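**Student:** Next up, target-v4.cif (mmCIF, C-alpha atoms and all ligand atoms).
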```cif
data_my_file
#
loop_
_atom_site.label_atom_id
_atom_site.label_comp_id
_atom_site.auth_asym_id
_atom_site.auth_seq_id
_atom_site.Cartn_x
_atom_site.Cartn_y
_atom_site.Cartn_z
CA MET A 1 -15.92 13.72 3.91
CA ARG A 2 -18.76 13.24 1.43
CA PHE A 3 -18.58 13.41 -2.34
CA SER A 4 -21.35 15.00 -4.37
CA SER A 5 -23.24 12.68 -6.71
CA ASP A 6 -22.17 14.89 -9.63
CA LEU A 7 -18.54 14.30 -8.79
CA LEU A 8 -19.00 10.53 -8.51
CA GLU A 9 -20.90 10.48 -11.79
CA ASP A 10 -18.11 12.46 -13.42
CA ILE A 11 -15.44 10.00 -12.23
CA ARG A 12 -17.51 7.01 -13.33
CA ASN A 13 -17.91 8.52 -16.80
CA ARG A 14 -14.20 9.05 -17.17
CA CYS A 15 -13.19 5.60 -15.91
CA ASP A 16 -14.51 2.83 -18.11
CA ILE A 17 -15.09 -0.25 -15.97
CA VAL A 18 -13.59 -2.51 -18.65
CA ASP A 19 -10.34 -0.51 -18.72
CA ILE A 20 -10.05 -0.47 -14.97
CA ILE A 21 -10.84 -4.16 -14.41
CA SER A 22 -8.53 -5.13 -17.31
CA GLU A 23 -5.65 -3.91 -15.21
CA TYR A 24 -6.46 -6.64 -12.71
CA VAL A 25 -8.20 -9.42 -14.60
CA HIS A 26 -7.37 -10.86 -17.98
CA LEU A 27 -10.63 -10.22 -19.89
CA LYS A 28 -11.77 -11.75 -23.16
CA THR A 29 -14.73 -10.60 -25.24
CA ALA A 30 -17.88 -12.66 -24.78
CA GLY A 31 -21.02 -11.50 -26.57
CA LYS A 32 -21.69 -7.87 -25.74
CA GLY A 33 -19.41 -7.93 -22.73
CA PHE A 34 -16.26 -9.46 -21.33
CA LYS A 35 -15.38 -12.56 -19.36
CA GLY A 36 -12.48 -13.63 -17.19
CA LEU A 37 -11.39 -15.70 -14.22
CA CYS A 38 -12.93 -14.31 -11.06
CA PRO A 39 -10.35 -12.64 -8.81
CA PHE A 40 -12.55 -13.19 -5.76
CA HIS A 41 -12.87 -16.96 -5.82
CA GLY A 42 -10.73 -19.73 -7.32
CA GLU A 43 -12.08 -21.05 -10.59
CA LYS A 44 -10.93 -22.68 -13.80
CA THR A 45 -13.73 -21.66 -16.17
CA PRO A 46 -14.47 -17.95 -16.35
CA SER A 47 -17.73 -16.93 -14.70
CA PHE A 48 -16.70 -13.35 -13.97
CA THR A 49 -18.40 -10.94 -16.39
CA VAL A 50 -18.06 -7.24 -17.09
CA SER A 51 -20.69 -5.24 -18.94
CA PRO A 52 -19.44 -2.06 -20.66
CA GLU A 53 -23.03 -1.11 -21.37
CA LYS A 54 -24.17 -1.20 -17.75
CA GLN A 55 -20.71 -0.38 -16.35
CA LEU A 56 -21.12 -3.24 -13.89
CA PHE A 57 -19.33 -6.50 -13.09
CA HIS A 58 -20.86 -9.71 -11.84
CA CYS A 59 -19.54 -13.16 -10.98
CA PHE A 60 -21.92 -16.05 -11.55
CA GLY A 61 -19.69 -18.27 -9.43
CA CYS A 62 -19.54 -16.39 -6.13
CA GLY A 63 -22.15 -13.71 -6.64
CA GLU A 64 -19.74 -10.79 -6.22
CA GLY A 65 -20.75 -7.76 -8.25
CA GLY A 66 -21.14 -4.00 -8.49
CA ASN A 67 -19.72 -0.90 -10.12
CA VAL A 68 -16.15 0.20 -10.66
CA PHE A 69 -15.85 1.60 -7.11
CA ASN A 70 -17.09 -1.66 -5.58
CA PHE A 71 -14.55 -3.59 -7.63
CA LEU A 72 -11.61 -1.54 -6.39
CA MET A 73 -12.81 -1.57 -2.79
CA LYS A 74 -13.05 -5.32 -2.86
CA TYR A 75 -9.90 -6.02 -4.87
CA GLU A 76 -7.52 -3.44 -3.45
CA LYS A 77 -9.10 -3.60 0.02
CA LEU A 78 -9.87 0.12 -0.05
CA SER A 79 -12.46 2.21 1.70
CA PHE A 80 -15.01 3.96 -0.51
CA PHE A 81 -13.12 7.20 0.08
CA GLU A 82 -9.83 5.65 -1.06
CA ALA A 83 -11.41 4.05 -4.13
CA VAL A 84 -12.87 7.38 -5.22
CA LYS A 85 -9.52 9.06 -4.65
CA MET A 86 -7.70 6.43 -6.68
CA LEU A 87 -10.04 6.73 -9.65
CA ALA A 88 -10.07 10.52 -9.43
CA LYS A 89 -6.29 10.49 -9.70
CA LYS A 90 -6.34 8.05 -12.62
CA SER A 91 -8.88 10.08 -14.55
CA GLY A 92 -7.45 13.47 -13.68
CA THR A 93 -10.62 14.53 -11.88
CA LEU A 94 -9.99 17.20 -9.27
CA LEU A 95 -11.26 16.46 -5.79
CA PRO A 96 -12.24 19.26 -3.41
CA ALA A 97 -9.10 20.56 -1.74
CA ASP A 98 -8.35 18.17 1.04
CA GLU A 99 -4.73 18.74 1.91
CA GLU A 100 -5.14 17.73 5.56
CA LYS A 101 -6.27 14.29 4.61
CA GLU A 102 -3.28 13.81 2.33
CA ASN A 103 -2.08 10.63 3.79
CA PHE A 104 1.04 10.66 5.90
CA LEU A 105 1.77 7.16 4.67
CA ASP A 106 1.67 8.30 1.05
CA ARG A 107 4.25 10.96 1.76
CA GLU A 108 6.49 8.49 3.52
CA LYS A 109 6.24 6.06 0.62
CA GLU A 110 6.98 8.80 -1.87
CA ARG A 111 10.17 9.70 0.03
CA LEU A 112 11.20 6.04 0.02
CA TYR A 113 10.74 5.79 -3.75
CA LYS A 114 12.88 8.87 -4.21
CA LEU A 115 15.53 7.52 -1.87
CA ASN A 116 15.62 4.20 -3.73
CA ASN A 117 15.92 6.03 -7.01
CA LEU A 118 18.87 8.05 -5.73
CA ALA A 119 20.54 4.89 -4.45
CA ALA A 120 20.06 3.18 -7.83
CA ASN A 121 21.64 6.17 -9.58
CA TYR A 122 24.51 6.11 -7.13
CA TYR A 123 25.19 2.41 -7.75
CA ARG A 124 25.10 3.01 -11.47
CA GLU A 125 27.60 5.83 -11.18
CA CYS A 126 29.89 3.48 -9.25
CA LEU A 127 29.60 0.96 -12.05
CA SER A 128 30.58 3.38 -14.76
CA ARG A 129 33.09 5.54 -12.90
CA THR A 130 35.13 3.32 -10.62
CA ASP A 131 37.95 0.89 -11.30
CA GLN A 132 36.09 -1.80 -9.39
CA GLY A 133 33.13 -1.19 -11.69
CA LYS A 134 35.25 -2.51 -14.54
CA LYS A 135 35.41 -6.00 -13.08
CA VAL A 136 31.62 -5.95 -12.83
CA LYS A 137 31.37 -5.03 -16.49
CA ASN A 138 33.60 -8.00 -17.25
CA TYR A 139 31.29 -10.18 -15.24
CA PHE A 140 28.30 -8.95 -17.28
CA LYS A 141 30.14 -9.72 -20.49
CA LYS A 142 31.02 -13.20 -19.26
CA ARG A 143 27.38 -13.89 -18.39
CA GLY A 144 26.17 -12.60 -21.75
CA ILE A 145 24.45 -9.48 -20.41
CA ASN A 146 24.72 -6.68 -22.96
CA ASP A 147 24.98 -2.91 -22.49
CA SER A 148 21.37 -2.16 -23.34
CA SER A 149 20.22 -4.57 -20.61
CA VAL A 150 22.57 -2.89 -18.14
CA GLU A 151 20.98 0.41 -19.11
CA LYS A 152 17.36 -0.78 -19.17
CA TYR A 153 17.55 -2.64 -15.85
CA ARG A 154 19.70 0.08 -14.26
CA LEU A 155 22.31 -2.41 -13.07
CA GLY A 156 24.96 -1.04 -10.77
CA TYR A 157 27.80 -1.74 -8.40
CA ALA A 158 27.95 -1.24 -4.63
CA PRO A 159 31.55 -0.32 -3.79
CA SER A 160 33.43 -2.21 -1.10
CA SER A 161 33.09 0.60 1.40
CA TRP A 162 31.37 0.51 4.78
CA ASP A 163 29.54 3.79 4.39
CA ALA A 164 29.85 5.23 0.87
CA LEU A 165 26.11 5.11 0.20
CA THR A 166 25.21 6.18 3.73
CA ASN A 167 27.33 9.31 3.36
CA PHE A 168 25.95 10.05 -0.09
CA LEU A 169 22.34 9.84 1.07
CA LYS A 170 22.98 11.70 4.32
CA LYS A 171 24.21 14.60 2.20
CA LYS A 172 20.94 14.43 0.26
CA GLY A 173 19.06 15.07 3.49
CA TYR A 174 17.95 11.60 4.57
CA SER A 175 18.15 10.54 8.20
CA TYR A 176 19.68 7.30 9.49
CA GLU A 177 16.21 6.23 10.48
CA GLU A 178 14.90 6.65 6.94
CA LEU A 179 17.87 4.79 5.48
CA ILE A 180 17.25 1.90 7.85
CA LYS A 181 13.57 1.85 6.93
CA ALA A 182 14.58 1.71 3.28
CA GLY A 183 16.66 -1.37 4.06
CA ILE A 184 19.89 -0.02 2.61
CA ILE A 185 21.86 0.56 5.80
CA LYS A 186 21.96 -1.22 9.15
CA LYS A 187 23.34 -0.61 12.63
CA SER A 188 26.94 -1.69 12.99
CA LYS A 189 28.21 -3.69 15.95
CA ILE A 190 29.94 -0.54 17.10
CA GLU A 191 27.46 1.51 19.10
CA GLY A 192 26.13 4.49 17.16
CA ASN A 193 27.64 3.43 13.83
CA TYR A 194 25.84 2.49 10.64
CA ILE A 195 27.00 0.48 7.64
CA ASP A 196 25.82 0.00 4.06
CA CYS A 197 23.95 -3.28 3.56
CA PHE A 198 25.33 -3.83 0.07
CA ARG A 199 29.11 -3.83 -0.21
CA ASP A 200 31.23 -5.01 -3.13
CA ARG A 201 28.22 -6.46 -4.90
CA ILE A 202 26.56 -6.25 -8.29
CA ILE A 203 23.29 -4.40 -7.84
CA PHE A 204 20.00 -5.32 -9.47
CA PRO A 205 17.35 -2.70 -8.69
CA ILE A 206 13.91 -4.26 -8.25
CA PHE A 207 10.96 -2.41 -9.79
CA ASN A 208 7.26 -2.32 -9.08
CA LEU A 209 4.64 -2.48 -11.82
CA SER A 210 4.98 1.21 -12.59
CA GLY A 211 8.74 0.85 -12.93
CA ARG A 212 9.76 2.58 -9.71
CA VAL A 213 12.66 1.17 -7.69
CA ILE A 214 11.35 -0.57 -4.57
CA GLY A 215 14.37 -2.59 -3.47
CA PHE A 216 17.66 -4.15 -4.48
CA GLY A 217 19.27 -7.50 -5.02
CA GLY A 218 23.03 -7.75 -4.58
CA ARG A 219 25.22 -10.51 -5.95
CA VAL A 220 28.83 -11.25 -5.02
CA LEU A 221 31.49 -11.20 -7.72
CA ASP A 222 33.27 -14.32 -6.56
CA ASN A 223 32.12 -17.55 -4.97
CA SER A 224 31.71 -16.22 -1.44
CA LEU A 225 28.46 -16.62 0.47
CA PRO A 226 25.73 -15.53 0.63
CA LYS A 227 25.68 -15.37 -3.15
CA TYR A 228 22.66 -13.06 -3.14
CA ILE A 229 21.28 -10.67 -0.58
CA ASN A 230 18.02 -8.80 -0.99
CA SER A 231 16.45 -5.72 0.51
CA PRO A 232 14.30 -6.56 3.52
CA GLU A 233 10.55 -5.93 3.42
CA THR A 234 9.85 -2.21 3.53
CA LEU A 235 6.87 0.08 3.18
CA VAL A 236 7.19 -0.19 -0.61
CA TYR A 237 8.74 -3.64 -1.05
CA ASN A 238 6.99 -6.89 -0.37
CA LYS A 239 9.07 -9.67 -1.82
CA GLY A 240 6.37 -12.30 -2.05
CA SER A 241 3.97 -10.12 -3.99
CA ASN A 242 6.32 -8.88 -6.66
CA LEU A 243 7.75 -10.40 -9.83
CA TYR A 244 11.05 -9.12 -11.15
CA SER A 245 10.70 -7.40 -14.55
CA LEU A 246 6.92 -7.69 -14.77
CA ASN A 247 6.89 -3.93 -15.39
CA PHE A 248 8.84 -4.48 -18.62
CA ALA A 249 6.96 -7.66 -19.54
CA LYS A 250 3.34 -6.47 -19.21
CA GLU A 251 2.81 -5.39 -22.78
CA ASP A 252 4.34 -8.47 -24.39
CA ILE A 253 2.40 -10.76 -22.03
CA ARG A 254 -0.85 -9.19 -23.22
CA LYS A 255 0.26 -9.54 -26.83
CA LYS A 256 1.35 -13.19 -26.59
CA ASN A 257 -1.07 -14.15 -23.85
CA TYR A 258 1.44 -16.04 -21.75
CA LEU A 259 4.18 -15.35 -19.26
CA ILE A 260 7.50 -17.17 -18.95
CA VAL A 261 8.54 -17.45 -15.30
CA VAL A 262 12.25 -17.91 -14.61
CA GLU A 263 14.24 -18.10 -11.37
CA GLY A 264 16.64 -15.19 -11.31
CA TYR A 265 17.87 -11.84 -12.55
CA THR A 266 20.31 -13.15 -15.15
CA ASP A 267 17.68 -15.43 -16.68
CA VAL A 268 15.39 -12.45 -17.19
CA LEU A 269 18.11 -10.23 -18.60
CA VAL A 270 19.34 -12.77 -21.13
CA THR A 271 15.89 -14.08 -22.08
CA GLN A 272 14.59 -10.63 -23.00
CA GLN A 273 17.75 -9.99 -25.04
CA TYR A 274 16.50 -12.76 -27.32
CA GLU A 275 13.21 -10.91 -27.84
CA PHE A 276 11.24 -12.96 -25.33
CA HIS A 277 10.01 -9.90 -23.47
CA ASN A 278 7.15 -11.72 -21.74
CA VAL A 279 9.46 -12.97 -19.00
CA ALA A 280 9.62 -12.35 -15.24
CA ALA A 281 11.45 -13.91 -12.29
CA SER A 282 9.97 -15.19 -9.05
CA LEU A 283 13.27 -14.42 -7.24
CA GLY A 284 12.68 -17.25 -4.85
CA THR A 285 12.47 -20.89 -5.50
CA ALA A 286 8.71 -21.31 -5.77
CA LEU A 287 5.92 -18.90 -6.69
CA THR A 288 3.80 -17.45 -3.90
CA THR A 289 0.02 -17.13 -4.04
CA LYS A 290 0.35 -13.34 -4.15
CA GLN A 291 2.65 -13.57 -7.16
CA ILE A 292 0.11 -15.83 -8.82
CA ASP A 293 -2.67 -13.30 -8.17
CA LEU A 294 -0.49 -10.71 -9.84
CA ILE A 295 0.07 -12.95 -12.88
CA LYS A 296 -3.68 -13.50 -13.22
CA ARG A 297 -4.10 -9.80 -13.85
CA PHE A 298 -2.26 -10.18 -17.14
CA THR A 299 -2.73 -13.68 -18.49
CA ASP A 300 -4.19 -17.10 -17.81
CA THR A 301 -1.21 -19.03 -19.17
CA VAL A 302 2.17 -19.52 -17.52
CA LEU A 303 5.28 -21.31 -18.78
CA ILE A 304 7.74 -22.30 -16.08
CA ALA A 305 11.41 -22.26 -17.07
CA TYR A 306 13.28 -23.01 -13.87
CA ASP A 307 16.79 -24.43 -13.75
CA ALA A 308 16.92 -28.05 -14.83
CA ASP A 309 18.43 -29.35 -11.59
CA SER A 310 16.85 -31.07 -8.62
CA ALA A 311 16.17 -27.84 -6.69
CA GLY A 312 14.64 -26.31 -9.80
CA ASN A 313 12.51 -29.41 -10.39
CA MET A 314 11.10 -29.28 -6.88
CA ALA A 315 10.36 -25.56 -7.17
CA THR A 316 8.68 -26.20 -10.49
CA LEU A 317 6.43 -28.87 -9.00
CA ARG A 318 5.43 -26.68 -6.05
CA SER A 319 4.69 -23.73 -8.32
CA LEU A 320 2.74 -25.90 -10.74
CA ASP A 321 0.36 -27.13 -8.09
CA LEU A 322 -0.36 -23.60 -6.90
CA LEU A 323 -0.85 -22.30 -10.43
CA VAL A 324 -3.24 -25.11 -11.31
CA LYS A 325 -5.18 -24.52 -8.11
CA ALA A 326 -5.52 -20.85 -9.10
CA GLY A 327 -7.11 -21.91 -12.38
CA LEU A 328 -4.24 -21.04 -14.70
CA ASN A 329 -3.00 -23.04 -17.67
CA VAL A 330 0.53 -24.11 -16.85
CA LYS A 331 3.26 -25.67 -18.90
CA VAL A 332 6.89 -26.46 -18.29
CA ILE A 333 9.75 -25.58 -20.59
CA ASP A 334 11.89 -28.70 -20.48
CA LEU A 335 15.50 -27.50 -20.49
CA PRO A 336 18.30 -30.05 -20.90
CA GLN A 337 19.78 -31.29 -17.60
CA ASP A 338 21.78 -28.64 -15.67
CA TYR A 339 20.85 -25.79 -17.99
CA ASP A 340 19.13 -22.58 -16.96
CA PRO A 341 17.30 -20.45 -19.56
CA ALA A 342 20.23 -18.01 -19.85
CA ASP A 343 22.81 -20.76 -20.53
CA PHE A 344 20.49 -22.37 -23.03
CA LEU A 345 19.83 -19.19 -24.99
CA ILE A 346 23.49 -18.19 -25.09
CA LYS A 347 24.68 -21.63 -26.18
CA LYS A 348 21.82 -22.65 -28.48
CA GLY A 349 20.05 -19.43 -29.51
CA GLY A 350 16.52 -18.08 -29.72
CA LYS A 351 15.06 -20.48 -32.27
CA PRO A 352 15.74 -23.66 -30.23
CA PHE A 353 14.25 -21.87 -27.21
CA GLN A 354 11.13 -21.05 -29.20
CA ASP A 355 10.98 -24.75 -30.14
CA LEU A 356 11.13 -25.66 -26.44
CA ILE A 357 8.26 -23.25 -25.79
CA GLU A 358 6.18 -24.90 -28.47
CA ARG A 359 6.99 -28.36 -27.16
CA SER A 360 6.48 -27.41 -23.51
CA PHE A 361 5.16 -30.08 -21.15
CA SER A 362 1.78 -30.24 -19.51
CA LEU A 363 1.70 -30.80 -15.76
CA VAL A 364 1.02 -34.53 -16.09
CA ASP A 365 3.68 -35.06 -18.75
CA TYR A 366 6.21 -33.21 -16.65
CA LYS A 367 5.47 -35.21 -13.51
CA LEU A 368 5.63 -38.41 -15.52
CA LYS A 369 9.00 -37.45 -16.92
CA LEU A 370 10.43 -36.71 -13.46
CA LEU A 371 9.07 -39.96 -12.03
CA CYS A 372 10.39 -41.98 -14.96
CA SER A 373 13.88 -40.67 -14.42
CA LYS A 374 13.54 -41.20 -10.67
CA TYR A 375 12.33 -44.81 -10.73
CA GLY A 376 13.16 -46.02 -14.24
CA ILE A 377 10.58 -47.59 -16.51
CA LYS A 378 12.45 -50.77 -17.35
CA SER A 379 11.49 -52.71 -14.23
CA ILE A 380 8.00 -53.68 -13.11
CA GLU A 381 8.73 -52.17 -9.66
CA GLY A 382 9.63 -48.86 -11.27
CA LYS A 383 6.44 -48.83 -13.31
CA VAL A 384 4.33 -49.62 -10.25
CA LYS A 385 5.90 -46.79 -8.25
CA ILE A 386 5.36 -44.34 -11.10
CA ILE A 387 1.71 -45.29 -11.45
CA LYS A 388 1.17 -45.02 -7.68
CA GLU A 389 2.61 -41.52 -7.51
CA ILE A 390 1.02 -40.07 -10.60
CA ILE A 391 -2.56 -40.87 -9.56
ZN ZN B 1 -16.40 -15.14 -8.24
#
```
Translate the structure described by the file into structure tokens.
**Tutor:**
Amino acid sequence: MRFSSDLLEDIRNRCDIVDIISEYVHLKTAGKGFKGLCPFHGEKTPSFTVSPEKQLFHCFGCGEGGNVFNFLMKYEKLSFFEAVKMLAKKSGTLLPADEEKENFLDREKERLYKLNNLAANYYRECLSRTDQGKKVKNYFKKRGINDSSVEKYRLGYAPSSWDALTNFLKKKGYSYEELIKAGIIKKSKIEGNYIDCFRDRIIFPIFNLSGRVIGFGGRVLDNSLPKYINSPETLVYNKGSNLYSLNFAKEDIRKKNYLIVVEGYTDVLVTQQYEFHNVAASLGTALTTKQIDLIKRFTDTVLIAYDADSAGNMATLRSLDLLVKAGLNVKVIDLPQDYDPADFLIKKGGKPFQDLIERSFSLVDYKLKLLCSKYGIKSIEGKVKIIKEII
């Protein structure tokens, strides 16, 4: 299908290139235009420019350039048709009726979002209305998670039943096949039977950037294993390209111009309770390159606050290298040994945490500190080893 030049002109007029690109690249004013780190090649000094006057972008590093449609095609890997559609939707421009082309995939995704939303509501009901839900509330209290966080993050409880959620969603008109695709039920060992994936677990819904539920994390209430299980990859959930709570953090990240990255759900919940809203969790041990690309859309500065234990230290180092390679400024919040951000905030408070932020370590300082505690600086041998590894 072809679009008339009037229509394209109309969309371009309604979608300012600076607004659109700002959603993907952290732009700063530079002369008459804007500058930022190029999303199409790795760089440390911004050579990616956007001109509001010409409504064009251009990168002096890799030569990439064009108008707002070209940007979206390149960045989101869209066809011209899809880029036009996306901007038309954003700007409220009506496209010629094209019902047939309405993507089957879009409809399937939409149904998945709705299904996830229903499941999240169901889990929340179980938290507030069942006896078992009470022990979960006690757990929240013990971990310092307050009621407004429970509300905001839509925390819930999956009852210890084999098929409570399955039955609930079947009644809402979803098929077994859809529930499997959503990653919330699986085939049982008994032929023809299905069981809920999350049973007797605390539920943390996972949101995308627009705040829609795309998956779930489930934590046990005791010490049994596995401690956490997560939704599998689905049509709407790709674990490695999502950061937990980024949807809530966006605004504060832009305001403060940095993001605090923590390891898990509880760290996020507690940290934002202390008014550090610019926080998100990688939900794995180390950051992935896709997560880093996502971060670059909002800021060029990242503070890592992983658990201060050996696993956390290793994850920090791996993440740091990737972040530096991607051209971001990275620092490490140096928590006392065996603390995670949540413990620290609850025991010491917000002010000492702010102090840690201000005294955060650069990459070199952090590596030096780890090596010093590994080899010791008292002996000559220790010093030699440290010097060898740091350079
Ligand atoms: Zn470039």
**Student:** Within 9 Å of ligand ZN 1 (chain B), which residues of chain A show up? Give each one with its shortest atom-to-atom distance in Å (one decimal) and the two atoms involved, counting all atoms listed in the file, rows by chain then rising residue number, as a Markdown table.
**Tutor:**
```
| residue | atom | partner | partner_atom | distance |
| --- | --- | --- | --- | --- |
| A:Leu37 | CA | B:ZN1 | ZN | 7.8 |
| A:Cys38 | CA | B:ZN1 | ZN | 4.5 |
| A:Pro39 | CA | B:ZN1 | ZN | 6.6 |
| A:Phe40 | CA | B:ZN1 | ZN | 5.0 |
| A:His41 | CA | B:ZN1 | ZN | 4.7 |
| A:Gly42 | CA | B:ZN1 | ZN | 7.4 |
| A:Glu43 | CA | B:ZN1 | ZN | 7.7 |
| A:Pro46 | CA | B:ZN1 | ZN | 8.8 |
| A:Ser47 | CA | B:ZN1 | ZN | 6.8 |
| A:Phe48 | CA | B:ZN1 | ZN | 6.0 |
| A:His58 | CA | B:ZN1 | ZN | 7.9 |
| A:Cys59 | CA | B:ZN1 | ZN | 4.6 |
| A:Phe60 | CA | B:ZN1 | ZN | 6.5 |
| A:Gly61 | CA | B:ZN1 | ZN | 4.7 |
| A:Cys62 | CA | B:ZN1 | ZN | 4.0 |
| A:Gly63 | CA | B:ZN1 | ZN | 6.1 |
| A:Glu64 | CA | B:ZN1 | ZN | 5.8 |
| A:Gly65 | CA | B:ZN1 | ZN | 8.6 |
```
**Student:** Let me make sure I understand: among A:Thr266, A:Leu209, A:Asn193, A:Ser188, which one has the smallest atom-to-atom distance to A:Phe140 if we use only C-alpha atoms?
**Tutor:**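 Closest residue, counting only C-alpha atoms: A:Thr266.
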**Student:** Excluding stretch 231-238 of chain A and any residue of its chain fewer than 3 positions from it, enumerate the residues within 6 Å of it, using only C-alpha atoms, and give them as an NGL selection string.
**Tutor:** :A and (183 or 214-216 or 241)
**Student:** I need the residue nearest A:Asn329 from this list: A:Thr301, A:Asn278, A:Asn230, A:Asn257. Use all atoms listed in the file for the distance.
**Tutor:**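 Using all atoms listed in the file, the shortest distance to A:Asn329 belongs to A:Thr301.
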**Student:** Out of A:Leu243, A:Leu56, A:Val279, A:Ala30, which residue has the shortest atom-to-atom distance to A:Asp16 when counting all atoms listed in the file?
**Tutor:**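 That would be A:Leu56, the residue with the smallest distance to A:Asp16.
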**Student:** Just give me the gap between atom CA of A:Val220 and atom CA of A:Gly144 in Å, one decimal is fine.
**Tutor:** 17.0 Å
